Structures are given as structure tokens and as C-alpha cells.
Amino acid sequence: MLTCDFTSFSKPHRVWEGSGNVAALDLLRATLREPQTLEAFFDEVDLSLGADKRLDAAIKDAKESFADTATIEYRARRVAEGLALVLQAALLVRHGHPAVADAFCATRLGGDWGGAFGTLPPGLDVASIIDRATPKVG
């Protein structure tokens, strides 16, 4: 599966300053040291294939993100973010409320969303989400 050599990542680079960059680098190192961790990750998220087309595309993109090893160091934060979003979506699709899973996929994986939290595309069942989050009194 993963056959690239990340040994050059062990050298400090200016691009790796900051805790987010360090975490992303650790993720790359872990996938090199223990390639079965990446396989286990994709085995888990693949259980949700077919449940949501946006998630299916994101899983495909996440797998392909490891193909270009020449630029993976510069894309490491985006790769890590993609894996996190894919896992969250996969778990929501399989175990969460359908309206919440749909909203998550639409706002994190779909193309019709902005970087600001709460930018929602039309057509989501927001009433169900609000009702679900509203405390029942009395």
C-alpha cells in the first residue's frame, strides 16, 4: 500500500513550525512506521461506503492523497484534516442521526460550503437538528 520513504521528514524544516504541523508530520511518520494503521483506518471508513456520495468521494480522495509522495510533506495538514473529516463523517453516517450526518457531509465534504462554521447549503433538515438539540422542558 504505502511504499514511499519519509526519512527526509526527520530533518527539521521551517514549514513544520507549529503544533498542527507537528501533529500532521506525526501522522505521516506513523503511517510509514506502521502501514497497517492506515489500512485499518480505511477498513473502518470503508464500512460506510455507499451511504453518502460525498463521503464516498472524500474516502477516495483521502486514499489518493497518499499517492503523490513528492509533495505530501507540504500537504500534510490537508491530508490529516481530510482523514479526520472522513472518519467523523463515516461514524456519523453509520451511527448518528441521519439529518446530522447529512448536514455534516454537506458542510464538510460537499462542494457547497464556506470556511465559516454554519454556512449551510439549502435543503438540509435543520428543523430536525434544532429540535434534536433543544432541551425538552416540563
# chains A, B, ... in the order shown; residues from 1 in each chain; ligands from 1

$ residues_around --residues "range 126-137 of chain A" --least-positions-apart "5" --cutoff "10 Å" --atoms "only C-alpha atoms" --output "ChimeraX atom specification"
/A:97-100,103,120

$ residues_around --residues "Leu83 in chain A" --least-positions-apart "2" --cutoff "9 Å" --atoms "only C-alpha atoms" --output "PyMOL selection string"
chain A and resi 41+58-59+62+78-81+85-88

$ select_by_dssp --residues "range 35-112 of chain A" --states "helix (DSSP H, G or I)" --output "ChimeraX atom specification"
/A:35-46,53-64,72-95,98-109

$ closest_residue --among "A:Lys63, A:Leu91, A:Asp102, A:Arg108" --to "Ser48 in chain A" --atoms "only C-alpha atoms"
A:Leu91

$ residues_around --residues "Leu55 in chain A" --least-positions-apart "3" --cutoff "8 Å" --atoms "only C-alpha atoms" --output "JSON, numbers by chain"
{"A": [49, 51, 52, 58, 59, 86, 89, 90, 105, 109]}

$ closest_residue --among "A:Ala76, A:Leu124, A:Ala106, A:Ala116" --to "Asn21 in chain A" --atoms "only C-alpha atoms"
A:Ala76
